[in-house]
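Chemist: Below is one structure. I have some questions about it.
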Amino acid sequence: MLSIKNLHASVNGEEILKGINLEIKAGEVHAIMGPNGSGKSTLSQVLAGNETFEVTEGEVTLNGDNLLELVTEERAREGVFLAFQYPVEIPGVSNLQFLRTAVNAMRKHRGEEEMNAAEFMKLAKDVSRQVDLDPAFLKRGVNEGFSGGEKKRNEIMQALLLQPKLAILDETDSGLDIDALQVVSNGVNALRADDRAILMVTHYQRLLNHIVPDYVHVLAGGKIVKSGGRELALELEERGYGWLGIDAVDTSN
Amino acid sequence: MATTDTQVKELIKREYEHGFVTEIESDTFEPGLNEDVIRRLSELKQEPEFMLEWRLKAYRRWLEMDEPEWAHVDFPKVDYNSISYYSAPKRPEDMPQSLDEVDPELLRTYEKLGIPLHERAKLAGVAVDAVFDSVSVATTFKEPLEKAGVIFCPISEALQKHPELVKKYLGSVVPAGDNYFAALNSAVFSDGSFVYIPKGVRCPMELSTYFRINAANTGQFERTLIIAEEGSYVSYLEGCTAPMRDENQLHAAVVELVILDDAQIKYSTVQNWYPGDENGKGGIYNFVTKRAACIGKNSKVSWTQVETGSAITWKYPSCVLRGENSVGEFYSVALTHNYQQADTGTKMIHLGKNTKSTIISKGISAGRSSNAYRGLVKFGPGAEGARNFTQCDSLLIGDRCGAHTFPYIESKNKSAIVEHEATTSKVSDEQMFLCRQRGIDPEQAVSMIVNGFCKEVFKELPMEFAVEASKLLEVSLEGSVG
Ligand SMILES: Nc1ncnc2c1ncn2[C@@H]1O[C@H](COP(=O)(O)OP(=O)(O)OP(=O)(O)O)[C@@H](O)[C@H]1O
Ligand SMILES: [Mg+2]
């Protein structure tokens with residue numbers, strides 16, 4: 001479904017991604033781990049089409065279509081979804097309005113009829129309960145004054161609403177209390193589907209107890225330095241990143 | 001609309017009955033301003049004697065005054081002798097005869113604003129439909145107003161039918177010599193609205209200039225006077241969200257509101273005059289003086305305005321809070337784009353005990369525009385326990401525009417309290433990326449973010465006006481991204 005070949009990207013002339021190769025099939029969940037500053041968020045943002053980053057080399061296709069040719073909103077409409085590590089606030093714009101605009105933009109793209117306010121309200125309420133967010137949050141400004149954990153749940157709620165083909169979750173587990181972790185994990189598991197690929201960035205192997213990935217990759221210094229199964233995460237937890245010989249790469253950056 | 005000849009005649013007759021159209025037979029005056037021009041103007045309008053005297057006095061004051069230069073705007077000098085101070089209303093045969101003769105760009109905008117077809121014609125100044133439309137609307141609205149004792153008519157008509165009321169209040173809030181543009185308006189005002197709400201009456205509907213025929217022709221030097229007697233209430237809507245066809249370059253209007261004990265006036269404006277093209281050519285100069293006098297105890301006034309039009313705007317709706325416990329409110333959204341310049345704000349003059357005022361100003365600048373907020377909060381010696389709250393937010397779109405804030409506070413009373421908050425923010429790349437990542441078009445994203453920024457002001461507008469205002473922002477912001 002998603003195919004990344006030799007992807008290089010830089011910001012302000014500085015190369016951050018230095019040749020990423022990754023294949024994700026429909027139905028699979030891949031976890032990406034790696035030290036701070038190794039390029040995990042950069043990879044996520046580049047896939048979603050953030051223009052701050054310049055792709056200097058490589059290929060990315062989604063179901064055979066060249067993603068790099070599309071601008072951000074076109075990628076989104078083709079089914080790319082990014083749950084942000086740091087969700088931004090949009091004061092005064094209600095979550096409900098924001099989400100309905102988004103859902104309708106997607107529906108319009110697919111040639112479907114737009115949802116009216118009442119229909120959407122019902123749908124949104126159902127989904128917000130699924131991530132244990134009080135429907136009152138729908139009336140608040142987008143992420144406005146949300147706690148860290150509430151923001152993350154809000155991101156998963158959006159994924160559930162938008163039903164993407166490729167869901168990229170950038171540290172959706174960080175900053176969550178134990179119960180919230182369970183809720184978010186349930187949300188992600190609900191997203192798992194035969195026709196959907198999930199790319200999940202995380203620092204904690206405990207998340208992988210809840211959401212069992214098919215593959216785990218270690219990103220360091222802008223490259224994937226090791227890939228393995230579920231057990232790789234356990235090994236990393238035990239031994240840290242040092243044994244992979246990537247400390248040196250990190251500091252030389 | 002299928003109408004027979006007799007029906008047409010009847011409609012026209014009815015219209016005359018209600019005095020909504022003033023019959024004037026004359027052509028346009030030669031450009032230029034002198035006492036003789038004012039005499040002819042007053043005579044044409046068959047004004048009472050006191051009115052001519054008043055105009056002449058204003059004119060003499062004006063001659064001694066200088067154009068203000070302190071506003072944060074920059075424009076070539078206006079040549080007051082090149083303007084014609086009287087122009088007969090257009091005859092139907094001189095107006096466009098159908099929508100086919102109207103600028104397609106204008107029609108495209110109407111369509112985007114969702115204005116119904118028959119109203120588009122009226123706004124564009126098309127001859128026939130316009131009259132029918134307004135007459136029917138006017139008649140349905142006139143009856144309940146008359147029943148309630150509300151007077152709502154052109155000020156020229158009020159001068160003939162209710163001269164004592166006009167004489168008593170005209171200039172009582174904005175004296176003829178108040179400022180350069182007010183003096184000019186006092187000398188030459190063409191027409192405008194007059195509203196009188198009797199004691200204890202709650203006006204049964206929102207009053208709107210939109211429903212008044214001739215409104216399009218009274219533009220240049222419009223004069224509005226609204227009086228709310230004890231315990232009365234009125235909500236008045238000025239303008240409409242569609243850009244009006246208008247050939248006048250200079251607009252210098254005066255609006256006076258008088259509010260007595262326990263009365264309230266809610267005055268909402270949506271202003272969308274021609275702002276000039278994307279290179280800064282053309283556009284209206286809007287120099288208006290708006291002021292409310294809360295002379296009664298517990299009286300209240302709110303000014304709510306959404307301004308997206310005009311090349312240059314110079315406007316400070318003000319509240320003189322004289323009555324004890326009187327309340328003044330100012331809610332404003334001013335959006336500038338391309339080369340537009342706006343210098344707007346308010347003045348809250350606290351004179352009475354325990355008077356309160358609130359100022360919420362939202363300035364949005366895009367393109368190469370410049371947007372300034374200028375506000376004065378003043379406490380007189382008698383303003384015991386008076387309070388003001390000011391919140392002044394600016395939003396920038398792109399990095400070639402500017403926002404400026406000039407707050408002035410003068411206090412002669414130690415017990416008065418002022419709170420002032422100001423913020424400047426940008427539509428950030430992160431916000432745009434979030435919206436686009438969720439599939440939303442960049443233009444729609446900007447308009448959504450801007451609407452969110454203006455929410456506190458929009459919620460003060462009457463419902464249907466708020467919906468239109470938000471659509472208007474969307475249209476005005478076109479081309480501001482990328
Ligand atoms: N906009 C930017 N401008 C300059 N440098 C940037 C920018 N974005 C990312 N970087 C740099 O790129 C590198 C990778 O950052 P990235 O956010 O992708 O790391 P990460 O793996 O997600 O780290 P973390 O685990 O802390 O979230 C860092 O050195 C970071 O400082
Ligand atoms: Mg990161």
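If you're wondering about the labels, chains in the structure tokens are A, B, ... by order shown, residues count from 1 in each chain, ligands from 1 in order shown.
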Hey, list the chain A side of the contact with chain B: 7 Å cut-off, only C-alpha atoms, answer as a ChimeraX atom specification.
Modeler: /A:48,50,72-74,76-77,81,88,90-93,101-102,105-106
Chemist: How would the residues just chosen look if you wrote them out with N, CA, C and O atoms as a PDB file, in the first residue's frame?
Modeler:
ATOM      1  N   ALA A  48       2.995  13.513   4.934  1.00  0.00           N
ATOM      2  CA  ALA A  48       1.737  14.262   4.872  1.00  0.00           C
ATOM      3  C   ALA A  48       1.843  15.496   3.975  1.00  0.00           C
ATOM      4  O   ALA A  48       0.855  16.163   3.712  1.00  0.00           O
ATOM      5  N   ASN A  50       4.073  18.316   4.375  1.00  0.00           N
ATOM      6  CA  ASN A  50       4.428  19.613   4.962  1.00  0.00           C
ATOM      7  C   ASN A  50       5.517  20.280   4.112  1.00  0.00           C
ATOM      8  O   ASN A  50       6.599  19.735   3.929  1.00  0.00           O
ATOM      9  N   THR A  72      -0.607  18.953   0.164  1.00  0.00           N
ATOM     10  CA  THR A  72      -1.108  18.416   1.429  1.00  0.00           C
ATOM     11  C   THR A  72      -2.572  17.988   1.390  1.00  0.00           C
ATOM     12  O   THR A  72      -2.909  16.859   1.732  1.00  0.00           O
ATOM     13  N   GLU A  73      -3.460  18.927   0.974  1.00  0.00           N
ATOM     14  CA  GLU A  73      -4.887  18.608   1.062  1.00  0.00           C
ATOM     15  C   GLU A  73      -5.275  17.507   0.089  1.00  0.00           C
ATOM     16  O   GLU A  73      -6.193  16.731   0.352  1.00  0.00           O
ATOM     17  N   GLU A  74      -4.548  17.416  -1.035  1.00  0.00           N
ATOM     18  CA  GLU A  74      -4.845  16.335  -1.981  1.00  0.00           C
ATOM     19  C   GLU A  74      -4.445  14.978  -1.389  1.00  0.00           C
ATOM     20  O   GLU A  74      -5.163  14.001  -1.516  1.00  0.00           O
ATOM     21  N   ALA A  76      -4.380  14.300   1.744  1.00  0.00           N
ATOM     22  CA  ALA A  76      -5.367  14.011   2.786  1.00  0.00           C
ATOM     23  C   ALA A  76      -6.607  13.381   2.163  1.00  0.00           C
ATOM     24  O   ALA A  76      -7.148  12.404   2.677  1.00  0.00           O
ATOM     25  N   ARG A  77      -7.029  13.942   1.040  1.00  0.00           N
ATOM     26  CA  ARG A  77      -8.246  13.433   0.402  1.00  0.00           C
ATOM     27  C   ARG A  77      -8.026  12.056  -0.215  1.00  0.00           C
ATOM     28  O   ARG A  77      -8.968  11.302  -0.420  1.00  0.00           O
ATOM     29  N   PHE A  81      -3.590  10.353   6.632  1.00  0.00           N
ATOM     30  CA  PHE A  81      -3.965  11.055   7.866  1.00  0.00           C
ATOM     31  C   PHE A  81      -2.766  11.097   8.802  1.00  0.00           C
ATOM     32  O   PHE A  81      -2.080  10.106   8.995  1.00  0.00           O
ATOM     33  N   VAL A  88      -1.916  21.680  17.111  1.00  0.00           N
ATOM     34  CA  VAL A  88      -1.943  23.130  17.243  1.00  0.00           C
ATOM     35  C   VAL A  88      -3.374  23.595  17.555  1.00  0.00           C
ATOM     36  O   VAL A  88      -4.350  22.933  17.200  1.00  0.00           O
ATOM     37  N   ILE A  90      -6.607  26.184  17.230  1.00  0.00           N
ATOM     38  CA  ILE A  90      -7.225  27.188  16.355  1.00  0.00           C
ATOM     39  C   ILE A  90      -8.325  27.876  17.155  1.00  0.00           C
ATOM     40  O   ILE A  90      -9.460  27.408  17.197  1.00  0.00           O
ATOM     41  N   PRO A  91      -7.996  28.980  17.800  1.00  0.00           N
ATOM     42  CA  PRO A  91      -8.946  29.627  18.707  1.00  0.00           C
ATOM     43  C   PRO A  91     -10.216  30.052  17.988  1.00  0.00           C
ATOM     44  O   PRO A  91     -10.166  30.542  16.860  1.00  0.00           O
ATOM     45  N   GLY A  92     -11.340  29.839  18.646  1.00  0.00           N
ATOM     46  CA  GLY A  92     -12.617  30.350  18.136  1.00  0.00           C
ATOM     47  C   GLY A  92     -13.283  29.449  17.106  1.00  0.00           C
ATOM     48  O   GLY A  92     -14.464  29.583  16.850  1.00  0.00           O
ATOM     49  N   VAL A  93     -12.530  28.545  16.503  1.00  0.00           N
ATOM     50  CA  VAL A  93     -13.143  27.628  15.536  1.00  0.00           C
ATOM     51  C   VAL A  93     -13.548  26.374  16.288  1.00  0.00           C
ATOM     52  O   VAL A  93     -12.697  25.693  16.841  1.00  0.00           O
ATOM     53  N   THR A 101     -16.205  20.446   8.424  1.00  0.00           N
ATOM     54  CA  THR A 101     -15.599  20.985   7.207  1.00  0.00           C
ATOM     55  C   THR A 101     -14.659  19.947   6.597  1.00  0.00           C
ATOM     56  O   THR A 101     -14.646  19.733   5.379  1.00  0.00           O
ATOM     57  N   ALA A 102     -13.883  19.301   7.474  1.00  0.00           N
ATOM     58  CA  ALA A 102     -12.938  18.294   6.993  1.00  0.00           C
ATOM     59  C   ALA A 102     -13.675  17.109   6.375  1.00  0.00           C
ATOM     60  O   ALA A 102     -13.382  16.696   5.249  1.00  0.00           O
ATOM     61  N   ALA A 105     -15.156  18.024   3.112  1.00  0.00           N
ATOM     62  CA  ALA A 105     -14.157  18.190   2.052  1.00  0.00           C
ATOM     63  C   ALA A 105     -13.813  16.821   1.449  1.00  0.00           C
ATOM     64  O   ALA A 105     -13.709  16.665   0.232  1.00  0.00           O
ATOM     65  N   MET A 106     -13.677  15.843   2.317  1.00  0.00           N
ATOM     66  CA  MET A 106     -13.376  14.478   1.849  1.00  0.00           C
ATOM     67  C   MET A 106     -14.543  13.907   1.057  1.00  0.00           C
ATOM     68  O   MET A 106     -14.371  13.289   0.018  1.00  0.00           O
TER      69      MET A 106
END
Chemist: For ligand 1, return the neighbouring residues as a count of residues only (distance at most 8 Å; only C-alpha atoms and all ligand atoms).
Modeler: 25
Chemist: Which residues are near stretch 165-180 of chain B? Cut-off 7 Å, only C-alpha atoms, ignore same chain within fewer than 4 positions. Put them as a PyMOL selection string.
Modeler: chain B and resi 58+61-62+65-67+159+184+186+256+291-293
Chemist: With only C-alpha atoms and all ligand atoms as the basis for distance, which of A:Leu161, A:Met33, A:Phe98, A:Glu69 is at the shortest distance from ligand 2?
Modeler: A:Met33
Chemist: Might you pull out every residue within 12 Å of B:Glu384, with only C-alpha atoms counted and same-chain residues fewer than 4 positions away left off, and present them as a PDB file with C-alpha atoms, in the first residue's frame?
Modeler:
ATOM      1  CA  ARG B 322     -23.712  60.763  30.631  1.00  0.00           C
ATOM      2  CA  GLU B 324     -25.896  57.157  35.631  1.00  0.00           C
ATOM      3  CA  ASN B 325     -25.270  53.416  35.074  1.00  0.00           C
ATOM      4  CA  HIS B 350     -17.517  58.302  30.767  1.00  0.00           C
ATOM      5  CA  LEU B 351     -19.219  61.259  32.429  1.00  0.00           C
ATOM      6  CA  GLY B 352     -21.835  59.689  34.706  1.00  0.00           C
ATOM      7  CA  LYS B 353     -21.521  57.569  37.827  1.00  0.00           C
ATOM      8  CA  ASN B 354     -21.042  53.820  37.466  1.00  0.00           C
ATOM      9  CA  THR B 355     -20.954  53.971  33.706  1.00  0.00           C
ATOM     10  CA  LYS B 356     -19.550  50.912  31.967  1.00  0.00           C
ATOM     11  CA  PHE B 379     -13.251  59.411  32.512  1.00  0.00           C
ATOM     12  CA  GLY B 380     -14.619  62.772  33.568  1.00  0.00           C
ATOM     13  CA  SER B 411      -8.785  59.786  33.571  1.00  0.00           C
ATOM     14  CA  LYS B 412      -9.928  62.588  35.840  1.00  0.00           C
ATOM     15  CA  ASN B 413     -11.448  60.218  38.348  1.00  0.00           C
ATOM     16  CA  LYS B 414      -9.342  58.004  40.583  1.00  0.00           C
ATOM     17  CA  SER B 415     -12.077  55.447  41.203  1.00  0.00           C
ATOM     18  CA  ALA B 416     -12.389  54.581  37.512  1.00  0.00           C
ATOM     19  CA  ILE B 417     -10.997  51.239  36.385  1.00  0.00           C
TER      20      ILE B 417
END
Chemist: I'd like the contact shell of A:Val183 - 12 Å cut-off, only C-alpha atoms, skipping same-chain residues fewer than 3 positions apart - returned as JSON, numbers by chain.
Modeler: {"A": [128, 129, 130, 131, 132, 133, 149, 150, 152, 153, 154, 156, 157, 172, 173, 176, 177, 178, 179, 180, 186, 187, 188, 189, 190, 207, 210, 211]}
Chemist: For B:Gly345, list every protein, DNA or RNA residue within 12 Å, evaluated using only C-alpha atoms, and leave out those in the same chain fewer than 3 positions away; present the list as a PyMOL selection string.
Modeler: chain B and resi 71-72+288-291+303-305+307+313-319+329-334+342+348+359-363+371-377+390-392+404-408
Chemist: Could you pull out the strand (DSSP E) residues of stretch 196-340 of chain B from DSSP and send them as a VMD selection string?
Modeler: chain B and resid 196 to 197 207 to 208 223 to 228 233 to 238 250 to 251 254 to 259 264 to 271 285 to 294 300 to 307 312 to 315 318 to 321 327 to 336
Chemist: Can you tell me, as a list in words, what residues are no more than 7 Å from A:Leu82 when counting only C-alpha atoms, ignoring any on the same chain fewer than 6 positions away?
Modeler: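 Those residues are Ala48, Ala167, Ile168 and Leu169 of chain A.
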Chemist: I need the residues from that last selection saved to file as a short mmCIF file (atom, residue, chain, number, x, y, z; two decimals), in the first residue's frame (with all heavy atoms), if you can.
Modeler:
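Saved the output as result.cif:
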data_model
loop_
_atom_site.label_atom_id
_atom_site.label_comp_id
_atom_site.auth_asym_id
_atom_site.auth_seq_id
_atom_site.Cartn_x
_atom_site.Cartn_y
_atom_site.Cartn_z
N ALA A 48 2.99 13.51 4.93
CA ALA A 48 1.74 14.26 4.87
C ALA A 48 1.84 15.50 3.97
O ALA A 48 0.85 16.16 3.71
CB ALA A 48 1.30 14.67 6.28
N ALA A 167 -2.86 5.75 8.16
CA ALA A 167 -2.88 6.58 9.37
C ALA A 167 -1.47 6.63 9.94
O ALA A 167 -0.87 5.59 10.20
CB ALA A 167 -3.85 6.01 10.38
N ILE A 168 -0.94 7.86 10.06
CA ILE A 168 0.38 8.04 10.64
C ILE A 168 0.16 8.63 12.03
O ILE A 168 -0.42 9.72 12.15
CB ILE A 168 1.23 9.00 9.79
CG1 ILE A 168 1.27 8.53 8.34
CG2 ILE A 168 2.63 9.15 10.36
CD1 ILE A 168 1.70 9.60 7.35
N LEU A 169 0.58 7.95 13.05
CA LEU A 169 0.33 8.41 14.41
C LEU A 169 1.65 8.77 15.06
O LEU A 169 2.45 7.90 15.37
CB LEU A 169 -0.38 7.32 15.21
CG LEU A 169 -1.56 6.63 14.51
CD1 LEU A 169 -2.12 5.50 15.37
CD2 LEU A 169 -2.66 7.64 14.18
#
Chemist: Could you work out how far atom CA of A:Val225 lies from atom CA of A:His8, giving the answer in Å with one decimal?
Modeler: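 If I compute the distance from atom CA of A:His8 to atom CA of A:Val225, I get 15.0 Å.
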Chemist: Which of stretch 49-253 of chain A counts as alpha helix (DSSP H) under DSSP, as a PyMOL selection string please?
Modeler: chain A and resi 72-77+95-109+117-130+148-162+178-191+207-210+230-239+247-252
Chemist: Provide the atom CA of A:Asp214 to atom CA of A:Gly58 distance in Å, to one decimal place.
Modeler: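 Result for atom CA of A:Asp214 versus atom CA of A:Gly58: 24.7 Å, one decimal.
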Chemist: What does the distance between atom CA of B:Pro204 and atom CA of B:Leu145 come to in Å, to one decimal place?
Modeler: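 For atom CA of B:Pro204 relative to atom CA of B:Leu145, the distance reads 6.9 Å.
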Chemist: Pick the closest to B:Lys142 from B:Ser447, B:Ser235, B:Ser208, B:Asn279: which is it, counting only C-alpha atoms?
Modeler: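 Of B:Ser447, B:Ser235, B:Ser208, B:Asn279, the one nearest B:Lys142, counting only C-alpha atoms, is B:Ser208.
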